[in-house]
file data18.txt (compact mmCIF, C-alpha atoms and all ligand atoms)
# COMPACT_ATOMS: atom_id res chain seq x y z
CA MET A 1 -54.27 -12.75 -50.06
CA SER A 2 -51.00 -12.33 -48.19
CA SER A 3 -51.74 -9.87 -45.43
CA ASN A 4 -54.51 -9.17 -42.98
CA ARG A 5 -55.72 -5.60 -42.39
CA GLN A 6 -56.66 -5.13 -38.75
CA LEU A 7 -58.08 -2.26 -36.71
CA ARG A 8 -56.14 -2.18 -33.46
CA LEU A 9 -56.98 -0.16 -30.34
CA HIS A 10 -54.42 2.61 -30.08
CA ALA A 11 -56.02 4.90 -27.47
CA ARG A 12 -59.08 4.75 -25.22
CA PRO A 13 -61.62 7.23 -26.61
CA LYS A 14 -62.94 10.22 -24.76
CA GLY A 15 -66.41 10.97 -26.05
CA LEU A 16 -66.87 9.91 -29.66
CA LEU A 17 -63.97 8.01 -31.28
CA ALA A 18 -61.27 10.40 -32.49
CA PRO A 19 -59.19 9.69 -35.62
CA GLY A 20 -56.43 7.29 -34.59
CA ASP A 21 -58.15 5.76 -31.53
CA LEU A 22 -58.43 2.70 -33.76
CA GLN A 23 -55.51 2.34 -36.15
CA LEU A 24 -55.31 0.29 -39.30
CA ALA A 25 -52.36 -2.13 -39.32
CA GLU A 26 -51.28 -4.99 -41.55
CA ALA A 27 -50.33 -8.40 -40.20
CA PRO A 28 -49.17 -11.49 -42.11
CA LEU A 29 -51.83 -14.14 -42.66
CA PRO A 30 -51.42 -16.85 -40.02
CA SER A 31 -50.42 -20.34 -41.10
CA LEU A 32 -52.88 -22.84 -39.71
CA ALA A 33 -52.09 -25.37 -36.99
CA ASP A 34 -54.16 -28.51 -36.37
CA GLY A 35 -57.55 -27.56 -34.88
CA GLN A 36 -57.67 -24.18 -36.63
CA ALA A 37 -59.60 -22.75 -39.58
CA LEU A 38 -59.04 -19.52 -41.51
CA ALA A 39 -62.10 -17.46 -42.39
CA ARG A 40 -62.62 -14.35 -44.52
CA VAL A 41 -64.58 -11.72 -42.60
CA LYS A 42 -67.37 -10.38 -44.82
CA TYR A 43 -69.53 -8.26 -42.54
CA LEU A 44 -68.99 -6.65 -39.16
CA SER A 45 -71.77 -5.91 -36.70
CA MET A 46 -71.55 -2.41 -35.24
CA ASP A 47 -72.68 -2.54 -31.62
CA PRO A 48 -72.77 0.25 -29.01
CA THR A 49 -71.09 -2.09 -26.54
CA MET A 50 -67.89 -1.80 -28.63
CA ARG A 51 -67.46 1.73 -27.29
CA VAL A 52 -67.69 0.31 -23.76
CA TRP A 53 -65.15 -2.44 -24.59
CA MET A 54 -62.75 0.27 -25.78
CA ALA A 55 -63.02 2.23 -22.56
CA ARG A 56 -63.27 -0.04 -19.52
CA ASP A 57 -63.86 -3.48 -18.06
CA SER A 58 -67.55 -4.39 -18.01
CA TYR A 59 -69.12 -7.83 -18.51
CA LEU A 60 -66.02 -8.53 -20.65
CA PRO A 61 -62.55 -7.14 -20.00
CA ALA A 62 -61.67 -3.96 -21.89
CA VAL A 63 -59.80 -4.50 -25.16
CA ALA A 64 -56.09 -4.06 -24.39
CA ILE A 65 -54.14 -1.27 -26.08
CA GLY A 66 -52.53 -2.70 -29.22
CA GLU A 67 -55.05 -5.55 -29.54
CA VAL A 68 -57.28 -6.14 -32.56
CA MET A 69 -60.59 -4.44 -31.76
CA ARG A 70 -63.19 -6.93 -30.57
CA GLY A 71 -66.34 -7.21 -32.64
CA PHE A 72 -68.95 -9.63 -33.96
CA GLY A 73 -68.86 -10.53 -37.58
CA PHE A 74 -69.97 -12.85 -40.33
CA ALA A 75 -67.22 -14.85 -42.05
CA GLU A 76 -66.73 -17.64 -44.58
CA VAL A 77 -64.24 -20.46 -44.02
CA LEU A 78 -61.44 -20.50 -46.63
CA GLU A 79 -59.26 -23.32 -45.33
CA SER A 80 -59.65 -25.69 -42.42
CA ARG A 81 -57.73 -28.04 -40.15
CA HIS A 82 -60.58 -27.84 -37.60
CA LYS A 83 -62.82 -30.91 -37.35
CA ASP A 84 -66.06 -28.89 -36.98
CA PHE A 85 -65.57 -26.49 -39.91
CA LYS A 86 -64.96 -27.02 -43.61
CA LYS A 87 -64.19 -24.75 -46.55
CA GLY A 88 -67.28 -22.75 -47.52
CA ASP A 89 -68.93 -22.86 -44.08
CA LYS A 90 -70.53 -19.58 -43.04
CA VAL A 91 -70.03 -18.57 -39.42
CA VAL A 92 -70.84 -15.76 -37.00
CA GLY A 93 -68.82 -14.94 -33.92
CA LEU A 94 -66.18 -12.68 -32.45
CA THR A 95 -64.20 -12.22 -35.64
CA GLY A 96 -62.57 -8.96 -34.55
CA LEU A 97 -62.28 -5.92 -36.83
CA GLN A 98 -60.06 -7.45 -39.50
CA ASP A 99 -60.08 -9.03 -42.96
CA TYR A 100 -59.37 -12.60 -41.82
CA CYS A 101 -59.87 -14.44 -38.53
CA VAL A 102 -58.76 -17.76 -37.12
CA ILE A 103 -61.28 -20.17 -35.62
CA ASP A 104 -59.43 -22.17 -33.00
CA ALA A 105 -60.63 -25.39 -31.38
CA ALA A 106 -58.49 -24.48 -28.35
CA ASP A 107 -60.68 -21.40 -27.75
CA LYS A 108 -62.88 -22.75 -24.98
CA ARG A 109 -65.42 -19.94 -25.40
CA GLY A 110 -66.46 -21.72 -28.62
CA SER A 111 -67.19 -18.29 -29.98
CA PHE A 112 -68.13 -19.26 -33.57
CA GLN A 113 -71.50 -20.62 -34.69
CA LYS A 114 -72.08 -22.24 -38.06
CA ILE A 115 -74.96 -20.68 -40.02
CA PRO A 116 -77.33 -23.10 -41.75
CA PRO A 117 -78.40 -22.14 -45.29
CA VAL A 118 -81.88 -20.58 -44.99
CA PRO A 119 -83.32 -19.62 -48.39
CA PHE A 120 -85.27 -16.48 -47.43
CA LEU A 121 -82.59 -14.95 -45.20
CA SER A 122 -79.59 -12.84 -46.19
CA ASP A 123 -76.21 -13.46 -44.58
CA THR A 124 -76.44 -10.12 -42.76
CA ALA A 125 -79.71 -11.15 -41.06
CA PHE A 126 -77.54 -13.30 -38.79
CA LEU A 127 -75.96 -10.14 -37.39
CA GLY A 128 -79.26 -8.30 -36.89
CA VAL A 129 -82.76 -9.71 -36.74
CA LEU A 130 -81.49 -13.28 -36.20
CA GLY A 131 -78.31 -12.13 -34.48
CA VAL A 132 -77.50 -10.39 -31.23
CA ASN A 133 -80.16 -7.69 -31.68
CA GLY A 134 -83.06 -9.99 -32.48
CA ILE A 135 -82.16 -12.34 -29.64
CA THR A 136 -81.81 -9.41 -27.23
CA ALA A 137 -85.18 -7.98 -28.22
CA TYR A 138 -86.81 -11.42 -28.03
CA PHE A 139 -85.64 -12.38 -24.55
CA GLY A 140 -85.95 -8.83 -23.17
CA MET A 141 -89.57 -8.78 -24.29
CA MET A 142 -90.59 -12.39 -23.62
CA GLU A 143 -88.73 -13.02 -20.36
CA ILE A 144 -88.71 -9.59 -18.73
CA ALA A 145 -91.29 -7.27 -20.29
CA LYS A 146 -93.86 -10.09 -20.78
CA PRO A 147 -96.22 -8.04 -22.99
CA GLN A 148 -99.99 -8.50 -22.54
CA LYS A 149 -102.75 -7.52 -24.96
CA GLY A 150 -103.93 -3.94 -24.45
CA GLU A 151 -100.88 -2.78 -22.50
CA THR A 152 -98.87 0.31 -23.51
CA LEU A 153 -95.22 -0.34 -24.34
CA VAL A 154 -92.67 2.44 -24.85
CA VAL A 155 -89.39 1.59 -26.60
CA SER A 156 -86.45 4.02 -26.83
CA ALA A 157 -83.90 4.00 -29.69
CA ALA A 158 -86.93 2.58 -31.45
CA ALA A 159 -85.62 2.85 -35.00
CA GLY A 160 -82.41 1.02 -34.11
CA ALA A 161 -81.57 -2.65 -34.54
CA THR A 162 -82.82 -3.82 -31.14
CA GLY A 163 -85.60 -1.30 -30.48
CA SER A 164 -87.29 -1.80 -33.85
CA ILE A 165 -87.62 -5.54 -33.16
CA ALA A 166 -88.67 -5.12 -29.52
CA GLY A 167 -91.46 -2.77 -30.60
CA GLN A 168 -92.71 -5.17 -33.27
CA ILE A 169 -92.75 -8.03 -30.75
CA GLY A 170 -94.97 -5.75 -28.62
CA LYS A 171 -97.32 -5.27 -31.60
CA ILE A 172 -97.42 -9.04 -32.23
CA HIS A 173 -98.61 -9.42 -28.61
CA GLY A 174 -101.36 -6.82 -28.94
CA CYS A 175 -99.75 -3.87 -27.16
CA ARG A 176 -100.13 -0.21 -27.96
CA VAL A 177 -96.54 0.55 -28.98
CA VAL A 178 -94.93 3.97 -28.80
CA GLY A 179 -91.39 4.41 -30.09
CA ILE A 180 -88.96 7.20 -29.23
CA ALA A 181 -86.48 8.03 -31.98
CA GLY A 182 -84.43 10.92 -33.35
CA GLY A 183 -85.86 12.68 -36.41
CA PRO A 184 -88.87 12.52 -38.74
CA GLU A 185 -87.49 9.84 -41.08
CA LYS A 186 -87.04 7.36 -38.24
CA CYS A 187 -90.45 8.22 -36.78
CA LYS A 188 -92.09 7.72 -40.16
CA TRP A 189 -90.40 4.34 -40.63
CA ILE A 190 -91.49 2.89 -37.30
CA THR A 191 -95.11 4.03 -37.66
CA GLU A 192 -95.74 3.62 -41.39
CA ASP A 193 -93.62 0.53 -42.10
CA LEU A 194 -93.36 -1.24 -38.76
CA GLY A 195 -96.86 -0.47 -37.47
CA PHE A 196 -95.98 1.30 -34.20
CA ASP A 197 -99.02 3.21 -32.93
CA ALA A 198 -97.07 6.42 -32.34
CA ALA A 199 -93.55 7.80 -32.62
CA ILE A 200 -92.00 10.54 -30.52
CA ASP A 201 -89.16 12.54 -32.05
CA TYR A 202 -87.10 13.35 -28.96
CA LYS A 203 -85.28 16.05 -30.92
CA SER A 204 -88.45 18.14 -31.18
CA PRO A 205 -88.86 20.68 -28.37
CA ASP A 206 -92.26 19.42 -27.19
CA TRP A 207 -91.38 15.71 -27.11
CA LYS A 208 -92.44 15.24 -23.51
CA GLU A 209 -95.90 16.63 -24.29
CA GLN A 210 -96.01 14.34 -27.35
CA LEU A 211 -95.13 11.39 -25.12
CA ALA A 212 -97.95 12.28 -22.71
CA ALA A 213 -100.43 12.60 -25.59
CA ALA A 214 -99.32 9.25 -27.05
CA THR A 215 -99.71 7.40 -23.73
CA PRO A 216 -103.11 8.56 -22.42
CA LYS A 217 -103.51 5.45 -20.25
CA GLY A 218 -99.96 5.68 -18.88
CA ILE A 219 -97.19 3.21 -19.66
CA ASP A 220 -97.14 -0.44 -18.58
CA ILE A 221 -93.82 -1.52 -20.10
CA ASN A 222 -90.60 0.33 -20.85
CA PHE A 223 -88.03 -1.40 -23.08
CA GLU A 224 -85.13 0.90 -22.34
CA ASN A 225 -82.20 1.37 -24.70
CA VAL A 226 -81.14 4.95 -23.94
CA GLY A 227 -81.31 5.91 -20.23
CA GLY A 228 -80.85 9.47 -18.93
CA GLU A 229 -83.52 12.08 -19.58
CA ILE A 230 -85.49 9.88 -21.99
CA MET A 231 -85.79 7.05 -19.50
CA HIS A 232 -86.71 9.51 -16.76
CA ALA A 233 -89.57 10.92 -18.83
CA VAL A 234 -90.87 7.43 -19.64
CA VAL A 235 -90.60 6.02 -16.14
CA SER A 236 -92.39 9.10 -14.76
CA ARG A 237 -95.44 8.13 -16.83
CA MET A 238 -95.49 4.49 -15.83
CA ASN A 239 -98.51 2.85 -14.27
CA LEU A 240 -98.35 1.14 -10.88
CA PHE A 241 -96.63 -2.26 -11.04
CA GLY A 242 -95.22 -1.59 -14.53
CA ARG A 243 -92.17 -3.47 -15.89
CA VAL A 244 -88.91 -1.98 -17.11
CA ALA A 245 -86.57 -4.12 -19.21
CA LEU A 246 -83.19 -2.41 -18.99
CA CYS A 247 -81.45 -3.29 -22.23
CA GLY A 248 -78.95 -0.45 -22.58
CA PHE A 249 -78.10 3.12 -21.62
CA ILE A 250 -76.58 4.34 -24.88
CA SER A 251 -76.86 8.02 -23.92
CA GLY A 252 -74.19 7.40 -21.29
CA TYR A 253 -71.61 5.39 -23.26
CA VAL A 254 -69.74 8.38 -24.66
CA LYS A 255 -69.93 10.44 -21.46
CA GLU A 256 -67.49 10.42 -18.58
CA GLU A 257 -70.35 10.77 -16.10
CA PRO A 258 -73.64 9.38 -17.40
CA GLU A 259 -76.87 10.87 -16.04
CA LEU A 260 -78.54 8.69 -13.46
CA VAL A 261 -82.27 8.08 -13.21
CA SER A 262 -83.60 8.66 -9.71
CA LEU A 263 -84.78 5.34 -8.30
CA GLY A 264 -87.38 6.90 -5.96
CA ILE A 265 -89.96 6.59 -8.72
CA VAL A 266 -89.41 2.81 -8.78
CA ILE A 267 -90.72 2.62 -5.20
CA VAL A 268 -93.55 5.09 -5.68
CA LYS A 269 -94.79 3.25 -8.79
CA ARG A 270 -93.87 -0.24 -7.43
CA LEU A 271 -92.04 -0.99 -10.69
CA ARG A 272 -90.29 -4.23 -11.53
CA VAL A 273 -86.98 -3.19 -13.09
CA GLN A 274 -84.59 -5.79 -14.51
CA GLY A 275 -81.37 -5.44 -16.43
CA PHE A 276 -80.37 -8.27 -18.72
CA LEU A 277 -77.58 -9.32 -21.07
CA VAL A 278 -78.12 -11.37 -24.18
CA ILE A 279 -75.07 -13.53 -23.40
CA ASP A 280 -77.10 -15.19 -20.62
CA TYR A 281 -79.59 -16.46 -23.20
CA MET A 282 -77.24 -17.70 -25.92
CA ASN A 283 -77.87 -21.34 -24.99
CA ARG A 284 -81.50 -20.69 -26.06
CA TYR A 285 -80.50 -19.16 -29.41
CA MET A 286 -82.46 -21.70 -31.51
CA GLU A 287 -85.68 -21.06 -29.61
CA ALA A 288 -85.52 -17.32 -30.31
CA ALA A 289 -84.16 -17.63 -33.85
CA THR A 290 -86.90 -20.08 -34.84
CA GLN A 291 -89.65 -17.75 -33.61
CA LEU A 292 -88.05 -14.60 -35.06
CA GLY A 293 -87.50 -16.41 -38.38
CA LYS A 294 -91.17 -17.47 -38.51
CA TRP A 295 -92.38 -13.94 -37.75
CA LYS A 296 -90.09 -12.61 -40.44
CA MET A 297 -91.22 -15.20 -42.99
CA PHE A 298 -94.90 -14.41 -42.32
CA GLY A 299 -94.30 -10.66 -42.63
CA LYS A 300 -94.95 -9.89 -38.96
CA LEU A 301 -91.40 -8.71 -38.40
CA LYS A 302 -89.57 -6.31 -40.69
CA ASP A 303 -85.96 -5.33 -40.51
CA ARG A 304 -83.74 -2.80 -42.18
CA GLU A 305 -79.99 -2.35 -42.49
CA THR A 306 -77.61 0.57 -42.86
CA ILE A 307 -74.47 -0.73 -44.61
CA VAL A 308 -71.14 1.12 -44.54
CA GLU A 309 -68.52 -0.08 -47.05
CA GLY A 310 -64.92 -0.77 -46.04
CA LEU A 311 -63.11 -2.02 -42.94
CA GLU A 312 -61.31 1.34 -42.68
CA LYS A 313 -64.70 3.04 -42.19
CA ALA A 314 -65.53 1.03 -39.05
CA PRO A 315 -64.39 3.78 -36.60
CA ASP A 316 -66.75 6.28 -38.30
CA ALA A 317 -69.48 3.65 -38.28
CA ILE A 318 -69.11 3.09 -34.53
CA ASN A 319 -69.64 6.83 -34.05
CA MET A 320 -72.81 6.70 -36.17
CA LEU A 321 -74.44 4.65 -33.40
CA PHE A 322 -74.02 7.62 -31.05
CA THR A 323 -74.99 10.34 -33.52
CA GLY A 324 -78.03 8.46 -34.83
CA GLY A 325 -76.61 7.87 -38.31
CA ASN A 326 -78.17 4.42 -38.67
CA ILE A 327 -81.69 3.18 -39.28
CA GLY A 328 -82.07 -0.46 -38.26
CA LYS A 329 -78.98 -2.66 -38.06
CA LEU A 330 -75.64 -0.96 -38.72
CA ILE A 331 -73.18 -3.19 -40.57
CA VAL A 332 -69.76 -2.69 -42.11
CA LYS A 333 -69.13 -4.60 -45.34
CA VAL A 334 -65.45 -5.48 -45.10
N1 LIG B 1 -78.50 -6.00 -22.96
C1 LIG B 1 -77.95 -6.55 -24.04
O1 LIG B 1 -77.55 -7.71 -24.05
C2 LIG B 1 -77.85 -5.72 -25.28
C3 LIG B 1 -77.56 -6.30 -26.54
C4 LIG B 1 -77.54 -5.49 -27.66
C5 LIG B 1 -77.77 -4.13 -27.54
N2 LIG B 1 -78.02 -3.61 -26.30
C6 LIG B 1 -78.30 -2.18 -26.12
O2 LIG B 1 -79.40 -1.83 -26.92
C7 LIG B 1 -79.29 -0.46 -27.27
C8 LIG B 1 -79.44 -0.33 -28.78
O3 LIG B 1 -78.36 -1.01 -29.39
P1 LIG B 1 -78.40 -1.37 -30.94
O4 LIG B 1 -77.24 -2.23 -31.21
O5 LIG B 1 -79.75 -1.85 -31.30
O6 LIG B 1 -78.10 0.04 -31.60
P2 LIG B 1 -79.08 0.89 -32.50
O7 LIG B 1 -80.32 1.16 -31.71
O8 LIG B 1 -79.22 0.28 -33.84
O9 LIG B 1 -78.25 2.23 -32.68
C9 LIG B 1 -78.13 3.12 -31.64
C10 LIG B 1 -79.20 4.21 -31.71
O10 LIG B 1 -79.31 4.82 -30.41
C11 LIG B 1 -79.78 6.13 -30.55
N3 LIG B 1 -79.03 7.02 -29.67
C12 LIG B 1 -77.68 7.16 -29.59
N4 LIG B 1 -77.34 8.06 -28.66
C13 LIG B 1 -78.51 8.53 -28.14
C14 LIG B 1 -78.83 9.50 -27.15
N5 LIG B 1 -77.87 10.19 -26.49
N6 LIG B 1 -80.15 9.74 -26.88
C15 LIG B 1 -81.11 9.06 -27.55
N7 LIG B 1 -80.88 8.13 -28.49
C16 LIG B 1 -79.59 7.87 -28.79
C17 LIG B 1 -79.57 6.54 -32.02
O11 LIG B 1 -80.84 6.66 -32.64
P3 LIG B 1 -81.64 8.07 -32.64
O12 LIG B 1 -81.41 8.67 -33.97
O13 LIG B 1 -83.04 7.62 -32.41
O14 LIG B 1 -81.07 8.91 -31.55
C18 LIG B 1 -78.84 5.36 -32.64
O15 LIG B 1 -79.22 5.12 -33.97
C19 LIG B 1 -77.95 0.03 -26.73
O16 LIG B 1 -78.17 0.66 -25.49
C20 LIG B 1 -77.18 -1.25 -26.55
O17 LIG B 1 -76.17 -1.15 -25.60
C21 LIG B 1 -78.06 -4.37 -25.20

call {"tool": "encode", "arguments": {"input": "data18.txt", "output": "structure tokens"}}
result
Amino acid sequence: MSSNRQLRLHARPKGLLAPGDLQLAEAPLPSLADGQALARVKYLSMDPTMRVWMARDSYLPAVAIGEVMRGFGFAEVLESRHKDFKKGDKVVGLTGLQDYCVIDAADKRGSFQKIPPVPFLSDTAFLGVLGVNGITAYFGMMEIAKPQKGETLVVSAAAGATGSIAGQIGKIHGCRVVGIAGGPEKCKWITEDLGFDAAIDYKSPDWKEQLAAATPKGIDINFENVGGEIMHAVVSRMNLFGRVALCGFISGYVKEEPELVSLGIVIVKRLRVQGFLVIDYMNRYMEAATQLGKWKMFGKLKDRETIVEGLEKAPDAINMLFTGGNIGKLIVKV
């Protein structure tokens, strides 16, 4: 343990990440000052927003060229001169894509949370079902979509980390849930294992007809993760006064000019459309985590992970989010 491998941003990607956009570098391990702790990064959360952070300013400034790539991770404290952390503590936060990170009391964002030991949960659950994705699905559904018994909910990127949980929350609330996902394996998983009522494989040529057949009473709620043509097809089938929770537009993140959905339909159908960001709900983390944890413990919520081994594989893993290479939560084991 003498050096720290880091993935640094070398060039802003065009389309998918190209080899060398993120470059592996070695830095000496920092010596700790008062108020700091050193943690070993064990798992990295792969999130579509990382591609946005590489390209441009958004709700956070773009990662600067030469900087360690920003990313969420799970880490274990090795050594501490920080009053709130001790050796052996497990934490989640913005670790960055590297082997070791420093937790610094001077960092006013307070970006690390200690993880309590919970017997039935794996460490990686705190990056997925009880991490950013679970919390996003929970507040997007409970605060914006507000599912009611008997309503039809359509979720896109439904076999992904966020969509799979949003759909199951719809089932828990008595909705008819239709998921849109790429390929038969994903469609089988969300219907047979997660209990979605129907799955639409958007890669099959007749997917729009399949969507119509699966939503005979129209659509009351759209939990939108993809945008573009998929969102357009869903919104076109929405019932009057339906709700759209805009979670993400992943189909646009690797394009220079993302497709836009015409907003005329929002007026015609009198839809309530609201975008949201999970960061606005982080002060209510315990509320969501407690409920998600209970649902998971009682078997009402299932999750799945795709694990890629090795820090050096993180650039390929980021691309998997845009080529559909993951089922459930995508994680890099460092
Ligand atoms: N608002 C927030 O605070 C917040 C927080 C977290 C995530 N999000 C958003 O939630 C969405 C899902 O994120 P996640 O982390 O849960 O990732 P994920 O769903 O686990 O992985 C991304 C999935 O998106 C699908 N996809 C990628 N490109 C697509 C395209 N062009 N057309 C259709 N499907 C495509 C792929 O599945 P297929 O094989 O099915 O294509 C892929 O597996 C993203 O839009 C993300 O930005 C928002």

call {"tool": "closest_residue", "arguments": {"input": "data18.txt", "among": "A:Lys203, A:Lys217, A:His232, A:Arg270", "to": "ligand LIG 1 (chain B)", "atoms": "only C-alpha atoms and all ligand atoms"}}
result
A:Lys203

call {"tool": "closest_atom_pairs", "arguments": {"input": "data18.txt", "of": "segment 180-238 of chain A", "to": "segment 283-306 of chain A", "cutoff": "12 Å", "atoms": "only C-alpha atoms", "output": "JSON lines"}}
result
{"residue": "A:Lys186", "atom": "CA", "partner": "A:Arg304", "partner_atom": "CA", "distance": 11.4}
{"residue": "A:Trp189", "atom": "CA", "partner": "A:Arg304", "partner_atom": "CA", "distance": 9.9}
{"residue": "A:Ile190", "atom": "CA", "partner": "A:Lys302", "partner_atom": "CA", "distance": 10.0}
{"residue": "A:Glu192", "atom": "CA", "partner": "A:Lys302", "partner_atom": "CA", "distance": 11.7}
{"residue": "A:Asp193", "atom": "CA", "partner": "A:Lys302", "partner_atom": "CA", "distance": 8.1}
{"residue": "A:Leu194", "atom": "CA", "partner": "A:Lys302", "partner_atom": "CA", "distance": 6.6}
{"residue": "A:Gly195", "atom": "CA", "partner": "A:Lys300", "partner_atom": "CA", "distance": 9.7}
{"residue": "A:Phe196", "atom": "CA", "partner": "A:Leu301", "partner_atom": "CA", "distance": 11.8}

call {"tool": "closest_residue", "arguments": {"input": "data18.txt", "among": "A:Gly140, A:Gly160, A:Gly242, A:Pro258", "to": "Gly275 of chain A", "atoms": "only C-alpha atoms"}}
result
A:Gly140

call {"tool": "residues_near_point", "arguments": {"input": "data18.txt", "point": "(-81.2, -12.0, -30.0)", "cutoff": "9 Å", "atoms": "all atoms listed in the file", "output": "PyMOL selection string"}}
result
chain A and resi 128-140+162+278+281-282+285+288-289+292

call {"tool": "residues_near_ligand", "arguments": {"input": "data18.txt", "ligand": "ligand LIG 1 (chain B)", "cutoff": "7 Å", "atoms": "all atoms listed in the file", "output": "number ranges by chain"}}
result
A: 46-49, 132-133, 136, 157-163, 180-183, 225-226, 247-252, 276-279, 320-330

call {"tool": "write_last_selection", "arguments": {"input": "data18.txt", "atoms": "C-alpha atoms", "output": "JSON list (two decimals), in the coordinates of the input"}}
result
[["chain", "number", "residue", "atom", "x", "y", "z"],
["A", 46, "MET", "CA", -71.55, -2.41, -35.24],
["A", 47, "ASP", "CA", -72.68, -2.54, -31.62],
["A", 48, "PRO", "CA", -72.77, 0.25, -29.01],
["A", 49, "THR", "CA", -71.09, -2.09, -26.54],
["A", 132, "VAL", "CA", -77.50, -10.39, -31.23],
["A", 133, "ASN", "CA", -80.16, -7.69, -31.68],
["A", 136, "THR", "CA", -81.81, -9.41, -27.23],
["A", 157, "ALA", "CA", -83.90, 4.00, -29.69],
["A", 158, "ALA", "CA", -86.93, 2.58, -31.45],
["A", 159, "ALA", "CA", -85.62, 2.85, -35.00],
["A", 160, "GLY", "CA", -82.41, 1.02, -34.11],
["A", 161, "ALA", "CA", -81.57, -2.65, -34.54],
["A", 162, "THR", "CA", -82.82, -3.82, -31.14],
["A", 163, "GLY", "CA", -85.60, -1.30, -30.48],
["A", 180, "ILE", "CA", -88.96, 7.20, -29.23],
["A", 181, "ALA", "CA", -86.48, 8.03, -31.98],
["A", 182, "GLY", "CA", -84.43, 10.92, -33.35],
["A", 183, "GLY", "CA", -85.86, 12.68, -36.41],
["A", 225, "ASN", "CA", -82.20, 1.37, -24.70],
["A", 226, "VAL", "CA", -81.14, 4.95, -23.94],
["A", 247, "CYS", "CA", -81.45, -3.29, -22.23],
["A", 248, "GLY", "CA", -78.95, -0.45, -22.58],
["A", 249, "PHE", "CA", -78.10, 3.12, -21.62],
["A", 250, "ILE", "CA", -76.58, 4.34, -24.88],
["A", 251, "SER", "CA", -76.86, 8.02, -23.92],
["A", 252, "GLY", "CA", -74.19, 7.40, -21.29],
["A", 276, "PHE", "CA", -80.37, -8.27, -18.72],
["A", 277, "LEU", "CA", -77.58, -9.32, -21.07],
["A", 278, "VAL", "CA", -78.12, -11.37, -24.18],
["A", 279, "ILE", "CA", -75.07, -13.53, -23.40],
["A", 320, "MET", "CA", -72.81, 6.70, -36.17],
["A", 321, "LEU", "CA", -74.44, 4.65, -33.40],
["A", 322, "PHE", "CA", -74.02, 7.62, -31.05],
["A", 323, "THR", "CA", -74.99, 10.34, -33.52],
["A", 324, "GLY", "CA", -78.03, 8.46, -34.83],
["A", 325, "GLY", "CA", -76.61, 7.87, -38.31],
["A", 326, "ASN", "CA", -78.17, 4.42, -38.67],
["A", 327, "ILE", "CA", -81.69, 3.18, -39.28],
["A", 328, "GLY", "CA", -82.07, -0.46, -38.26],
["A", 329, "LYS", "CA", -78.98, -2.66, -38.06],
["A", 330, "LEU", "CA", -75.64, -0.96, -38.72]]

call {"tool": "closest_atom_pairs", "arguments": {"input": "data18.txt", "of": "segment 232-313 of chain A", "to": "segment 147-150 of chain A", "cutoff": "12 Å", "atoms": "all atoms listed in the file", "output": "tab-separated table"}}
result
residue	atom	partner	partner_atom	distance
A:Gly242	CA	A:Pro147	CA	10.7
A:Arg243	CA	A:Pro147	CA	9.4
A:Val244	CA	A:Pro147	CA	11.2
A:Ala245	CA	A:Pro147	CA	11.1

call {"tool": "closest_residue", "arguments": {"input": "data18.txt", "among": "A:Glu224, A:Asp99, A:Glu209, A:Asp57", "to": "Ala75 of chain A", "atoms": "all atoms listed in the file"}}
result
A:Asp99

call {"tool": "axis_aligned_box", "arguments": {"input": "data18.txt", "around": "segment 312-319 of chain A", "padding_each_side": "8 Å", "output": "JSON"}}
result
{"center_x": -65.5, "center_y": 3.9, "center_z": -38.4, "size_x": 24.3, "size_y": 21.8, "size_z": 24.6}

call {"tool": "atom_distance", "arguments": {"input": "data18.txt", "atom1": "atom CA of Lys171 of chain A", "atom2": "atom CA of Glu151 of chain A"}}
result
10.1 Å

call {"tool": "atom_distance", "arguments": {"input": "data18.txt", "atom1": "atom CA of Ala39 of chain A", "atom2": "atom CA of Ser80 of chain A"}}
result
8.6 Å

call {"tool": "residues_near_point", "arguments": {"input": "data18.txt", "point": "(-55.9, 4.1, -33.3)", "cutoff": "8 Å", "atoms": "all atoms listed in the file", "output": "JSON, numbers by chain"}}
result
{"A": [7, 8, 9, 10, 11, 19, 20, 21, 22, 23, 24]}

call {"tool": "write_last_selection", "arguments": {"input": "data18.txt", "atoms": "C-alpha atoms", "output": "PDB file, in the coordinates of the input"}}
result
ATOM      1  CA  LEU A   7     -58.080  -2.260 -36.710  1.00  0.00           C
ATOM      2  CA  ARG A   8     -56.140  -2.180 -33.460  1.00  0.00           C
ATOM      3  CA  LEU A   9     -56.980  -0.160 -30.340  1.00  0.00           C
ATOM      4  CA  HIS A  10     -54.420   2.610 -30.080  1.00  0.00           C
ATOM      5  CA  ALA A  11     -56.020   4.900 -27.470  1.00  0.00           C
ATOM      6  CA  PRO A  19     -59.190   9.690 -35.620  1.00  0.00           C
ATOM      7  CA  GLY A  20     -56.430   7.290 -34.590  1.00  0.00           C
ATOM      8  CA  ASP A  21     -58.150   5.760 -31.530  1.00  0.00           C
ATOM      9  CA  LEU A  22     -58.430   2.700 -33.760  1.00  0.00           C
ATOM     10  CA  GLN A  23     -55.510   2.340 -36.150  1.00  0.00           C
ATOM     11  CA  LEU A  24     -55.310   0.290 -39.300  1.00  0.00           C
TER      12      LEU A  24
END

call {"tool": "residues_around", "arguments": {"input": "data18.txt", "residues": "Ile331 of chain A", "least_positions_apart": "4", "cutoff": "6 Å", "atoms": "all atoms listed in the file", "output": "JSON, numbers by chain"}}
result
{"A": [44, 45, 46, 307]}

call {"tool": "atom_distance", "arguments": {"input": "data18.txt", "atom1": "atom CA of Lys255 of chain A", "atom2": "atom CA of Met231 of chain A"}}
result
16.3 Å

call {"tool": "closest_residue", "arguments": {"input": "data18.txt", "among": "A:Lys269, A:Lys83, A:Lys333, A:Arg56", "to": "Ala317 of chain A", "atoms": "all atoms listed in the file"}}
result
A:Lys333
